[in-house]
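Raw final18.pdb, PDB, C-alpha atoms, pLDDT in the B column:
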```pdb
MODEL        1
ATOM      1  CA  ALA E   6       0.000   0.000   0.000  1.00 83.00           C
ATOM      2  CA  GLN E   7       1.147   3.516  -0.737  1.00 85.00           C
ATOM      3  CA  THR E   8       1.865   5.887   2.085  1.00 91.00           C
ATOM      4  CA  ILE E   9       2.543   9.615   2.081  1.00 96.00           C
ATOM      5  CA  HIS E  10       4.385  11.261   4.912  1.00 96.00           C
ATOM      6  CA  GLN E  11       4.851  14.967   5.494  1.00 97.00           C
ATOM      7  CA  TRP E  12       7.216  16.577   7.930  1.00 97.00           C
ATOM      8  CA  PRO E  13       7.254  18.463  10.196  1.00 97.00           C
ATOM      9  CA  VAL E  14       3.703  18.352  11.501  1.00 97.00           C
ATOM     10  CA  ALA E  15       3.861  21.973  12.599  1.00 97.00           C
ATOM     11  CA  GLU E  16       6.347  24.824  12.735  1.00 96.00           C
ATOM     12  CA  ILE E  17       6.553  28.245  14.317  1.00 97.00           C
ATOM     13  CA  LYS E  18       9.183  30.322  12.546  1.00 98.00           C
ATOM     14  CA  ALA E  19      10.396  33.898  12.599  1.00 98.00           C
ATOM     15  CA  VAL E  20       9.992  36.270   9.668  1.00 98.00           C
ATOM     16  CA  GLY E  21      13.153  36.159   7.572  1.00 98.00           C
ATOM     17  CA  SER E  22      14.170  32.674   8.660  1.00 98.00           C
ATOM     18  CA  PRO E  23      14.562  29.776   6.203  1.00 98.00           C
ATOM     19  CA  LEU E  24      12.074  26.953   5.809  1.00 97.00           C
ATOM     20  CA  SER E  25      12.172  23.432   4.492  1.00 98.00           C
ATOM     21  CA  LEU E  26       9.134  21.145   4.365  1.00 98.00           C
ATOM     22  CA  GLY E  27       9.353  17.566   3.225  1.00 98.00           C
ATOM     23  CA  CYS E  28       7.112  14.951   1.674  1.00 97.00           C
ATOM     24  CA  THR E  29       7.873  11.290   1.020  1.00 97.00           C
ATOM     25  CA  ILE E  30       5.786   8.761  -0.871  1.00 95.00           C
ATOM     26  CA  LYS E  31       6.375   5.070  -0.373  1.00 93.00           C
ATOM     27  CA  GLY E  32       5.042   2.179  -2.377  1.00 89.00           C
ATOM     28  CA  LYS E  33       4.476   4.036  -5.642  1.00 86.00           C
ATOM     29  CA  SER E  34       6.953   4.416  -8.461  1.00 88.00           C
ATOM     30  CA  SER E  35       7.182   7.712 -10.376  1.00 90.00           C
ATOM     31  CA  PRO E  36       4.128   9.440  -8.940  1.00 92.00           C
ATOM     32  CA  ASN E  37       3.006  12.932  -9.848  1.00 92.00           C
ATOM     33  CA  LEU E  38       3.671  15.120  -6.825  1.00 95.00           C
ATOM     34  CA  TYR E  39       2.006  18.368  -5.772  1.00 95.00           C
ATOM     35  CA  TRP E  40       2.388  21.102  -3.169  1.00 96.00           C
ATOM     36  CA  TYR E  41      -0.683  23.028  -2.059  1.00 95.00           C
ATOM     37  CA  TRP E  42      -1.113  25.916   0.361  1.00 95.00           C
ATOM     38  CA  GLN E  43      -4.224  26.761   2.295  1.00 94.00           C
ATOM     39  CA  ALA E  44      -4.616  29.977   4.260  1.00 88.00           C
ATOM     40  CA  THR E  45      -6.445  29.563   7.554  1.00 78.00           C
ATOM     41  CA  GLY E  46     -10.073  28.865   6.675  1.00 71.00           C
ATOM     42  CA  GLY E  47      -9.248  29.496   3.045  1.00 76.00           C
ATOM     43  CA  THR E  48      -9.152  27.934  -0.346  1.00 83.00           C
ATOM     44  CA  LEU E  49      -6.621  25.546  -1.822  1.00 89.00           C
ATOM     45  CA  GLN E  50      -3.847  27.101  -3.848  1.00 90.00           C
ATOM     46  CA  GLN E  51      -1.649  24.832  -5.919  1.00 90.00           C
ATOM     47  CA  LEU E  52       1.984  25.889  -5.652  1.00 93.00           C
ATOM     48  CA  PHE E  53       4.070  23.350  -7.572  1.00 94.00           C
ATOM     49  CA  TYR E  54       3.811  20.022  -9.310  1.00 92.00           C
ATOM     50  CA  SER E  55       6.331  17.482 -10.515  1.00 94.00           C
ATOM     51  CA  ILE E  56       5.951  14.590 -12.913  1.00 91.00           C
ATOM     52  CA  THR E  57       9.488  13.272 -12.634  1.00 93.00           C
ATOM     53  CA  VAL E  58      12.715  13.529 -10.651  1.00 95.00           C
ATOM     54  CA  GLY E  59      14.465  16.850 -11.042  1.00 93.00           C
ATOM     55  CA  GLN E  60      11.543  18.465 -12.841  1.00 94.00           C
ATOM     56  CA  VAL E  61       9.284  20.912 -11.008  1.00 95.00           C
ATOM     57  CA  GLU E  62       6.723  23.258 -12.495  1.00 92.00           C
ATOM     58  CA  SER E  63       5.633  26.376 -10.667  1.00 89.00           C
ATOM     59  CA  VAL E  64       1.981  27.345 -10.565  1.00 87.00           C
ATOM     60  CA  VAL E  65       2.187  30.168  -8.050  1.00 84.00           C
ATOM     61  CA  GLN E  66       5.526  30.858  -6.429  1.00 74.00           C
ATOM     62  CA  LEU E  67       4.715  33.019  -3.395  1.00 85.00           C
ATOM     63  CA  ASN E  68       8.490  33.408  -2.838  1.00 93.00           C
ATOM     64  CA  LEU E  69       8.800  29.650  -2.359  1.00 96.00           C
ATOM     65  CA  SER E  70      10.680  27.021  -4.312  1.00 96.00           C
ATOM     66  CA  ALA E  71      10.324  23.284  -4.691  1.00 97.00           C
ATOM     67  CA  SER E  72      12.617  20.452  -5.628  1.00 97.00           C
ATOM     68  CA  ARG E  73      12.314  16.748  -6.306  1.00 97.00           C
ATOM     69  CA  PRO E  74      15.728  15.273  -5.491  1.00 97.00           C
ATOM     70  CA  LYS E  75      14.481  11.673  -5.528  1.00 95.00           C
ATOM     71  CA  ASP E  76      11.559   9.871  -7.135  1.00 95.00           C
ATOM     72  CA  ASP E  77       9.788   9.580  -3.787  1.00 94.00           C
ATOM     73  CA  GLN E  78      10.680  12.942  -2.260  1.00 97.00           C
ATOM     74  CA  PHE E  79       9.322  16.466  -2.715  1.00 98.00           C
ATOM     75  CA  ILE E  80      10.749  19.437  -0.836  1.00 98.00           C
ATOM     76  CA  LEU E  81       9.265  22.927  -0.379  1.00 98.00           C
ATOM     77  CA  SER E  82      11.577  25.656   0.802  1.00 97.00           C
ATOM     78  CA  THR E  83      12.404  29.314   1.075  1.00 97.00           C
ATOM     79  CA  GLU E  84      15.410  31.299   2.238  1.00 97.00           C
ATOM     80  CA  LYS E  85      13.331  34.021   3.912  1.00 97.00           C
ATOM     81  CA  LEU E  86       9.887  33.545   5.355  1.00 97.00           C
ATOM     82  CA  LEU E  87       7.207  36.221   5.155  1.00 96.00           C
ATOM     83  CA  LEU E  88       4.220  36.632   7.450  1.00 96.00           C
ATOM     84  CA  SER E  89       2.030  35.735   4.465  1.00 94.00           C
ATOM     85  CA  HIS E  90       3.573  32.261   4.339  1.00 96.00           C
ATOM     86  CA  SER E  91       1.575  31.213   7.369  1.00 96.00           C
ATOM     87  CA  GLY E  92      -0.967  28.526   6.624  1.00 96.00           C
ATOM     88  CA  PHE E  93      -1.429  24.843   5.968  1.00 96.00           C
ATOM     89  CA  TYR E  94       0.871  23.133   3.465  1.00 97.00           C
ATOM     90  CA  LEU E  95      -0.303  19.963   1.836  1.00 97.00           C
ATOM     91  CA  CYS E  96       1.617  17.504  -0.279  1.00 98.00           C
ATOM     92  CA  ALA E  97      -0.260  15.128  -2.559  1.00 96.00           C
ATOM     93  CA  TRP E  98       0.465  12.425  -5.099  1.00 94.00           C
ATOM     94  CA  SER E  99      -1.380  10.859  -8.005  1.00 90.00           C
ATOM     95  CA  PRO E 100      -0.494   8.062 -10.418  1.00 87.00           C
ATOM     96  CA  THR E 101       1.266   9.100 -13.610  1.00 80.00           C
ATOM     97  CA  GLY E 102      -0.502   8.921 -16.912  1.00 74.00           C
ATOM     98  CA  GLU E 103      -4.108   8.714 -15.806  1.00 71.00           C
ATOM     99  CA  ASP E 104      -6.756  10.945 -14.374  1.00 75.00           C
ATOM    100  CA  SER E 105      -7.034   9.802 -10.805  1.00 78.00           C
ATOM    101  CA  ASP E 106      -7.728  11.096  -7.367  1.00 83.00           C
ATOM    102  CA  TYR E 107      -4.985  12.723  -5.353  1.00 90.00           C
ATOM    103  CA  THR E 108      -3.894  11.302  -2.041  1.00 94.00           C
ATOM    104  CA  PHE E 109      -2.967  14.026   0.396  1.00 96.00           C
ATOM    105  CA  GLY E 110      -0.514  13.957   3.237  1.00 97.00           C
ATOM    106  CA  SER E 111      -1.561  15.014   6.707  1.00 97.00           C
ATOM    107  CA  GLY E 112      -0.145  18.486   6.142  1.00 97.00           C
ATOM    108  CA  THR E 113       2.234  20.891   7.857  1.00 97.00           C
ATOM    109  CA  ARG E 114       0.814  23.807   9.788  1.00 96.00           C
ATOM    110  CA  LEU E 115       3.127  26.828   9.607  1.00 97.00           C
ATOM    111  CA  LEU E 116       2.926  29.958  11.703  1.00 97.00           C
ATOM    112  CA  VAL E 117       5.294  32.789  10.829  1.00 97.00           C
ATOM    113  CA  ILE E 118       5.730  35.403  13.556  1.00 97.00           C
TER     114      ILE E 118
ATOM    115  CA  GLY P   2      -7.905  30.123 -17.715  1.00 82.00           C
ATOM    116  CA  GLU P   3     -10.054  27.144 -16.867  1.00 86.00           C
ATOM    117  CA  LYS P   4     -12.173  27.362 -13.763  1.00 91.00           C
ATOM    118  CA  VAL P   5     -14.229  25.289 -11.374  1.00 95.00           C
ATOM    119  CA  GLU P   6     -16.878  27.227  -9.492  1.00 96.00           C
ATOM    120  CA  GLN P   7     -18.459  26.064  -6.296  1.00 95.00           C
ATOM    121  CA  HIS P   8     -21.414  28.334  -5.811  1.00 89.00           C
ATOM    122  CA  GLN P   9     -22.235  27.761  -2.195  1.00 94.00           C
ATOM    123  CA  SER P  10     -19.641  28.833   0.327  1.00 94.00           C
ATOM    124  CA  THR P  11     -21.761  27.442   3.165  1.00 96.00           C
ATOM    125  CA  LEU P  12     -24.642  25.018   3.417  1.00 97.00           C
ATOM    126  CA  SER P  13     -26.559  24.282   6.570  1.00 98.00           C
ATOM    127  CA  VAL P  14     -28.932  21.324   6.891  1.00 98.00           C
ATOM    128  CA  ARG P  15     -30.723  19.452   9.637  1.00 98.00           C
ATOM    129  CA  GLU P  16     -29.525  16.029  10.597  1.00 98.00           C
ATOM    130  CA  GLY P  17     -31.293  13.445   8.475  1.00 98.00           C
ATOM    131  CA  ASP P  18     -31.985  15.832   5.613  1.00 98.00           C
ATOM    132  CA  SER P  19     -30.235  15.681   2.257  1.00 98.00           C
ATOM    133  CA  ALA P  20     -27.493  18.068   1.170  1.00 98.00           C
ATOM    134  CA  VAL P  21     -26.583  19.018  -2.377  1.00 98.00           C
ATOM    135  CA  ILE P  22     -23.363  20.792  -3.316  1.00 98.00           C
ATOM    136  CA  ASN P  23     -23.071  22.116  -6.850  1.00 98.00           C
ATOM    137  CA  CYS P  24     -20.072  22.818  -9.046  1.00 98.00           C
ATOM    138  CA  THR P  25     -19.621  24.049 -12.587  1.00 98.00           C
ATOM    139  CA  TYR P  26     -16.572  23.823 -14.821  1.00 97.00           C
ATOM    140  CA  THR P  27     -15.383  25.543 -17.974  1.00 95.00           C
ATOM    141  CA  ASP P  28     -13.049  23.078 -19.716  1.00 91.00           C
ATOM    142  CA  THR P  29     -15.082  21.000 -22.170  1.00 91.00           C
ATOM    143  CA  ALA P  30     -12.254  18.459 -22.188  1.00 91.00           C
ATOM    144  CA  SER P  31     -12.564  17.758 -18.465  1.00 93.00           C
ATOM    145  CA  SER P  32     -13.250  14.074 -17.985  1.00 92.00           C
ATOM    146  CA  TYR P  33     -12.621  13.379 -14.322  1.00 93.00           C
ATOM    147  CA  PHE P  34     -14.393  14.973 -11.357  1.00 96.00           C
ATOM    148  CA  PRO P  35     -13.364  14.028  -7.802  1.00 95.00           C
ATOM    149  CA  TRP P  36     -14.762  15.272  -4.511  1.00 97.00           C
ATOM    150  CA  TYR P  37     -12.801  15.715  -1.304  1.00 97.00           C
ATOM    151  CA  LYS P  38     -13.737  16.249   2.310  1.00 97.00           C
ATOM    152  CA  GLN P  39     -11.762  18.305   4.798  1.00 96.00           C
ATOM    153  CA  GLU P  40     -12.718  18.039   8.447  1.00 95.00           C
ATOM    154  CA  ALA P  41     -11.776  20.842  10.793  1.00 92.00           C
ATOM    155  CA  GLY P  42      -8.027  21.075  11.282  1.00 90.00           C
ATOM    156  CA  LYS P  43      -7.305  18.098   9.071  1.00 94.00           C
ATOM    157  CA  SER P  44      -6.076  17.304   5.595  1.00 95.00           C
ATOM    158  CA  LEU P  45      -8.206  16.462   2.581  1.00 95.00           C
ATOM    159  CA  HIS P  46      -9.389  13.002   1.822  1.00 94.00           C
ATOM    160  CA  PHE P  47     -11.041  11.636  -1.255  1.00 95.00           C
ATOM    161  CA  VAL P  48     -14.736  10.753  -0.979  1.00 96.00           C
ATOM    162  CA  ILE P  49     -16.091   9.968  -4.436  1.00 97.00           C
ATOM    163  CA  ASP P  50     -15.442  10.694  -8.099  1.00 96.00           C
ATOM    164  CA  ILE P  51     -17.129  10.436 -11.471  1.00 96.00           C
ATOM    165  CA  ARG P  52     -15.771  10.112 -14.988  1.00 94.00           C
ATOM    166  CA  SER P  53     -17.328  11.623 -18.056  1.00 94.00           C
ATOM    167  CA  ASN P  54     -18.411   8.285 -19.508  1.00 94.00           C
ATOM    168  CA  VAL P  55     -21.216   8.081 -16.916  1.00 96.00           C
ATOM    169  CA  ASP P  56     -23.693  10.613 -15.570  1.00 97.00           C
ATOM    170  CA  ARG P  57     -24.306   9.128 -12.129  1.00 98.00           C
ATOM    171  CA  LYS P  58     -22.310   7.317  -9.508  1.00 98.00           C
ATOM    172  CA  GLN P  59     -23.401   6.240  -6.050  1.00 97.00           C
ATOM    173  CA  SER P  60     -21.459   5.096  -3.030  1.00 96.00           C
ATOM    174  CA  GLN P  61     -23.565   4.461   0.060  1.00 96.00           C
ATOM    175  CA  ARG P  62     -25.082   7.824   1.065  1.00 98.00           C
ATOM    176  CA  LEU P  63     -23.138   9.760  -1.571  1.00 98.00           C
ATOM    177  CA  THR P  64     -24.215  10.277  -5.176  1.00 98.00           C
ATOM    178  CA  VAL P  65     -22.459  12.332  -7.816  1.00 98.00           C
ATOM    179  CA  LEU P  66     -24.371  13.585 -10.841  1.00 98.00           C
ATOM    180  CA  LEU P  67     -22.685  14.876 -13.976  1.00 98.00           C
ATOM    181  CA  ASP P  68     -24.379  17.010 -16.634  1.00 98.00           C
ATOM    182  CA  LYS P  69     -21.809  17.409 -19.388  1.00 96.00           C
ATOM    183  CA  LYS P  70     -24.038  19.598 -21.493  1.00 96.00           C
ATOM    184  CA  ALA P  71     -24.414  22.141 -18.712  1.00 97.00           C
ATOM    185  CA  LYS P  72     -20.846  21.516 -17.482  1.00 97.00           C
ATOM    186  CA  ARG P  73     -22.207  20.945 -14.027  1.00 97.00           C
ATOM    187  CA  PHE P  74     -21.682  18.264 -11.404  1.00 98.00           C
ATOM    188  CA  SER P  75     -23.080  17.856  -7.949  1.00 98.00           C
ATOM    189  CA  LEU P  76     -22.575  15.890  -4.754  1.00 98.00           C
ATOM    190  CA  HIS P  77     -25.691  14.591  -3.035  1.00 98.00           C
ATOM    191  CA  ILE P  78     -25.503  13.387   0.548  1.00 98.00           C
ATOM    192  CA  THR P  79     -28.584  11.651   1.919  1.00 98.00           C
ATOM    193  CA  ALA P  80     -29.516  11.090   5.559  1.00 98.00           C
ATOM    194  CA  THR P  81     -26.902  13.566   6.729  1.00 98.00           C
ATOM    195  CA  GLN P  82     -25.145  12.987  10.021  1.00 97.00           C
ATOM    196  CA  PRO P  83     -23.154  15.392  12.211  1.00 96.00           C
ATOM    197  CA  GLU P  84     -19.926  13.698  11.072  1.00 96.00           C
ATOM    198  CA  ASP P  85     -20.700  14.841   7.522  1.00 98.00           C
ATOM    199  CA  SER P  86     -19.947  18.392   8.684  1.00 97.00           C
ATOM    200  CA  ALA P  87     -16.816  19.472   6.830  1.00 97.00           C
ATOM    201  CA  ILE P  88     -15.590  21.503   3.887  1.00 96.00           C
ATOM    202  CA  TYR P  89     -16.219  19.747   0.594  1.00 97.00           C
ATOM    203  CA  PHE P  90     -14.070  20.540  -2.435  1.00 96.00           C
ATOM    204  CA  CYS P  91     -14.926  19.653  -6.003  1.00 97.00           C
ATOM    205  CA  ALA P  92     -12.327  19.441  -8.753  1.00 94.00           C
ATOM    206  CA  ALA P  93     -12.117  18.812 -12.489  1.00 94.00           C
ATOM    207  CA  SER P  94      -9.308  17.442 -14.605  1.00 90.00           C
ATOM    208  CA  VAL P  95      -7.630  19.709 -17.127  1.00 85.00           C
ATOM    209  CA  GLY P  96      -5.019  18.879 -19.735  1.00 74.00           C
ATOM    210  CA  ASP P  97      -2.947  15.815 -19.002  1.00 65.00           C
ATOM    211  CA  ASN P  98      -0.812  14.442 -16.210  1.00 55.00           C
ATOM    212  CA  SER P  99      -3.658  14.393 -13.723  1.00 62.00           C
ATOM    213  CA  LYS P 100      -3.893  18.135 -13.245  1.00 80.00           C
ATOM    214  CA  LEU P 101      -6.914  19.213 -11.284  1.00 88.00           C
ATOM    215  CA  ILE P 102      -8.609  22.573 -11.025  1.00 90.00           C
ATOM    216  CA  TRP P 103     -10.295  23.090  -7.659  1.00 92.00           C
ATOM    217  CA  GLY P 104     -13.420  24.771  -6.435  1.00 94.00           C
ATOM    218  CA  LEU P 105     -13.233  27.112  -3.452  1.00 93.00           C
ATOM    219  CA  GLY P 106     -14.944  24.690  -1.096  1.00 95.00           C
ATOM    220  CA  THR P 107     -18.377  24.465   0.527  1.00 96.00           C
ATOM    221  CA  SER P 108     -18.657  24.338   4.291  1.00 96.00           C
ATOM    222  CA  LEU P 109     -21.404  21.872   5.152  1.00 98.00           C
ATOM    223  CA  VAL P 110     -22.883  22.150   8.617  1.00 98.00           C
ATOM    224  CA  VAL P 111     -25.218  19.402   9.778  1.00 98.00           C
ATOM    225  CA  ASN P 112     -27.256  20.601  12.738  1.00 96.00           C
ATOM    226  CA  PRO P 113     -28.498  18.020  15.234  1.00 90.00           C
TER     227      PRO P 113
ENDMDL
END
```
Go through the file and emit its structure as structure tokens.
Amino acid sequence: AQTIHQWPVAEIKAVGSPLSLGCTIKGKSSPNLYWYWQATGGTLQQLFYSITVGQVESVVQLNLSASRPKDDQFILSTEKLLLSHSGFYLCAWSPTGEDSDYTFGSGTRLLVI
Amino acid sequence: GEKVEQHQSTLSVREGDSAVINCTYTDTASSYFPWYKQEAGKSLHFVIDIRSNVDRKQSQRLTVLLDKKAKRFSLHITATQPEDSAIYFCAASVGDNSKLIWGLGTSLVVNP
């Protein structure tokens, strides 16, 4: 069975500090991977997606970047956090080559102060 | 660009009543329409989907209807229970590689 794991579960960070959020998918080869952001009580905003290792497409950057260093790993990061980065970050995966539902991780809740 | 519109931001029903959440989409090529549920403070999880080769799909108390002509799809929940209270998101496929366009979410409140 496939599993998706996001880390950390929650973070409180200072404005201007760096950030790195991780996502790992086990049990599925070459998945499509996605990063989403959700403001508190807000809508889903897709940030990035990746269909293969080393290839990441930006949808909305929000002064964030993403990388896929391994087939099963997706990283979201920034050098300098802004207050507006606060929110709920969700990683998701879907099978390649077919329209299918996404499976979401449990998310990382970020508070920037 | 392509859009998915979810017209109700909130929906309040009494326990036991039915709830209907409506979505419309713009991409005539959309062929896959999933629904997700987000309980308070939690992540999203998949609840039901429908593909464009059918116009109705049922899973227990959930039914999805698809009207391709009107580019409209809806989630019907019968015999609602308090645990159905959540935000429901609809989505539609666009292009290839499993890209989804999302609605803004409907907050369903089931009152005891």
Residue IDs satisfying the PyMOL selection byres ((chain E and resi 22-25) around 6), as a PDB file with C-alpha atoms, in the frame of the given file:
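Output saved as out_22.pdb:
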```pdb
ATOM      1  CA  ALA E  19      10.396  33.898  12.599  1.00 98.00           C
ATOM      2  CA  VAL E  20       9.992  36.270   9.668  1.00 98.00           C
ATOM      3  CA  GLY E  21      13.153  36.159   7.572  1.00 98.00           C
ATOM      4  CA  LEU E  26       9.134  21.145   4.365  1.00 98.00           C
ATOM      5  CA  LEU E  81       9.265  22.927  -0.379  1.00 98.00           C
ATOM      6  CA  SER E  82      11.577  25.656   0.802  1.00 97.00           C
ATOM      7  CA  THR E  83      12.404  29.314   1.075  1.00 97.00           C
ATOM      8  CA  GLU E  84      15.410  31.299   2.238  1.00 97.00           C
ATOM      9  CA  LYS E  85      13.331  34.021   3.912  1.00 97.00           C
ATOM     10  CA  LEU E  86       9.887  33.545   5.355  1.00 97.00           C
TER      11      LEU E  86
END
```
**Request:** Considering all atoms listed in the file, extract the chain P residues located within 8 Å of chain E and return them as a PyMOL selection string.
**Result:** chain P and resi 33+35+43-47+50+94+97-100+103+105-106
**Message:** Quick check on the file I pasted: which residues fall under the PyMOL selection byres ((chain E and resi 62) around 12)? Write them as a PyMOL selection string.
**Reply:** (chain E and resi 37-40+51-61+63-66+70-73) or (chain P and resi 100)
**Request:** Would you mind reading off the distance between CA of Tyr89 in chain P and CA of Pro113 in chain P, one decimal, in Å?
**Result:**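 Separating CA of Tyr89 in chain P from CA of Pro113 in chain P is a distance of 19.2 Å.
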**Request:** For Gln9 in chain P, list every protein, DNA or RNA residue within 9 Å, evaluated using all atoms listed in the file, and leave out those in the same chain fewer than 2 positions away; present the list as JSON, numbers by chain.
**Result:** {"P": [7, 11, 12, 22, 23, 24, 106, 107, 108]}
**Item:** Atomic separation - CA of Arg52 in chain P relative to CA of Gly17 in chain P, Å
**Value:**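 Distance between the two atoms: 28.3 Å.
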**Coordinates-based distance that separates CA of Ile30 in chain E from CA of His10 in chain E (Å, one decimal)** =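 Rounded to one decimal, the two atoms are 6.5 Å apart.
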**Asked** Which of these residues is nearest to Leu76 in chain P, using all atoms listed in the file: P:Val95, P:Asp56, P:Val21, P:Leu101?
**Response**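 For Leu76 in chain P, the nearest of the candidates is P:Val21.
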**Prompt:** Which of these, P:Gly104, P:Val55, P:Glu6, P:Ser86, has the shortest distance to Lys69 in chain P once you count only C-alpha atoms?
**Reply:** P:Val55
**Asked** Counting all atoms listed in the file, which residues come within 9 Å of (-24.6, 13.7, -10.9), with the point read in the file's coordinates, and could you list them as a list of chain:residue names?
**Response**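 Protein and nucleic acid residues near the point are P:Ile51, P:Val55, P:Asp56, P:Arg57, P:Lys58, P:Gln59, P:Thr64, P:Val65, P:Leu66, P:Leu67, P:Asp68, P:Arg73, P:Phe74, P:Ser75, P:Leu76, P:His77.
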**Message:** So that I can check the surroundings of His90 in chain E, please list as a PyMOL selection string every protein, DNA and RNA residue that reaches within 9 Å of it, counting only C-alpha atoms and ignoring chain neighbours fewer than 5 positions away.
**Reply:** chain E and resi 42+44+67-69+115-117
Save out the residues we just selected, C-alpha atoms, as a PDB file, in the coordinates of the input.
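Written out: out_8.pdb:
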```pdb
ATOM      1  CA  TRP E  42      -1.113  25.916   0.361  1.00 95.00           C
ATOM      2  CA  ALA E  44      -4.616  29.977   4.260  1.00 88.00           C
ATOM      3  CA  LEU E  67       4.715  33.019  -3.395  1.00 85.00           C
ATOM      4  CA  ASN E  68       8.490  33.408  -2.838  1.00 93.00           C
ATOM      5  CA  LEU E  69       8.800  29.650  -2.359  1.00 96.00           C
ATOM      6  CA  LEU E 115       3.127  26.828   9.607  1.00 97.00           C
ATOM      7  CA  LEU E 116       2.926  29.958  11.703  1.00 97.00           C
ATOM      8  CA  VAL E 117       5.294  32.789  10.829  1.00 97.00           C
TER       9      VAL E 117
END
```
